[in-house]
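First the structure, in the form of structure tokens, and then the observations on it.
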Amino acid sequence: MPICRSAGRSVKAIVPTIEPDELPAANALRTKTNKIFSWLQLVRQFQAWRTCPSFVRRENAKNSAVSPRPLTSAWETGRGSVVSSAVDPIIALESDTYFMREALRLATKAFELDEVPIGAVVVRAGQIIARAYNQVELLTDATAHAEMLAITQAEASVGDWRLGDCDLFVTKEPCAMCAGALVHVRMRRVIFGCADDRSGAAGGMINLLQNPALNHRCAVTAGVLANECGSLLQTFFRRKRQPVQNEE
């Protein structure tokens, strides 16, 4: 047995003995242990590298370059455009103009189908949940106005006939029928493009949307993209009158 000499004394050292048949298992265990220690050393090196000042500065610069600017929604401020906390100007996708352009796109589709070019969208929480355009001739239905069809779609989307947290964008001032429906569904806000002094029911001929005798009153915003909305309607009716003038 091996002898270990210490402080002038002889001490027998206890050394474990490995039998020949246990040698392969011992070698495998030694190999696994060495791999574990190697991985631990790599982990420590990586942690030390991440905490070095140059890496921290580089990561902070990268994060500040791609982080989105905080925005205050137009629905929270009650204004027609988004207010940015940053100095640089930012396009307000939630503005009245943005949603009115979508309604105008639908009105153009109605124009191509030889329908009176009026389009409407219903917006809830900054998202469009309903789109429609006039389909009176297509459906042979006098009530198939853009607003009426959009209201029906919105009710199906929300799962309720009450639309108290929704806003309707329409290219022309609603008529009496549509205004009455908007009051019935408790529409929160109505935004329209061009006015209709002859038959409009949002302040043109009459204001049903804000009639104090009714059980609900909608907030009204008028004149959003009024020139573009009115020009499309004028072009449509001008084309309709041309054949009559030619016959005369």
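Letters A, B, ... go to the chains of the structure tokens in the order shown; residues in each chain start at 1; ligands are counted from 1 in the same order.
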(request) Name all residues at most 12 Å from Ala219 (chain A) (count only C-alpha atoms; drop same-chain ones fewer than 3 positions away) and give them as a PyMOL selection string. (result) chain A and resi 78+164-169+182-183+186-192+202-203+207-211+216+222
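Within 7 Å of region 120-135 of chain A there are Glu94, Ala103, Leu106, Ala107, Ala110, Ala144, His145, Ala146, Glu147, Leu149, Ala150, Gln153, Ala154, Ser157, Asp165, Cys166, Asp167, Leu168, Phe169, Val170 and Thr171 of chain A, counting only C-alpha atoms and ignoring same-chain residues fewer than 6 positions away.
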(request) Tell me which of A:Leu233, A:Ala195, A:Leu40, A:Ala181 sits closest to Asp114 (chain A), counting only C-alpha atoms. (result)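 Answer, going by the shortest atom-to-atom distance: A:Leu233.
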(message) For a quick check of understanding, using only C-alpha atoms, which of A:Arg162, A:Arg217, A:His184, A:Lys172 has the smallest distance to Ser199 (chain A)?
(response) A:Lys172
(message) DSSP on the backbone, helix (DSSP H, G or I) only: what residues of region 139-228 of chain A does that give? Format it as an MDAnalysis selection string.
(response) chainID A and resid 139 146:158 176:184 226:228
(request) Write out as a PyMOL selection string all residues of region 163-241 of chain A that backbone DSSP assigns to strand (DSSP E or B). (result) chain A and resi 166-172+189-194+202+207+219-222
(request) Check the smallest atom-to-atom distance from each of A:Ala156, A:Leu138, A:Cys194, A:Ile118 to Leu104 (chain A) using only C-alpha atoms, then report the winner. (result)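 Once distances to Leu104 (chain A) are computed over only C-alpha atoms, the minimum belongs to A:Ile118.
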(request) Pick out the closest residue to Ala179 (chain A) from this set: A:Leu214, A:Ser231, A:Phe37, A:Glu155. Count only C-alpha atoms. (result)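 So, comparing all the options, the nearest one is A:Leu214.
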(request) Counting only C-alpha atoms, figure out which residue out of A:Lys109, A:Arg101, A:Glu137, A:Cys178 gets nearest to Ile151 (chain A). (result)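 Of all the options, A:Cys178 lies closest to Ile151 (chain A).
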(request) Kindly indicate which residue among A:Gly204, A:Pro212, A:Gly180, A:Gly193 lies nearest to Met100 (chain A), using only C-alpha atoms for the distances. (result) A:Gly193
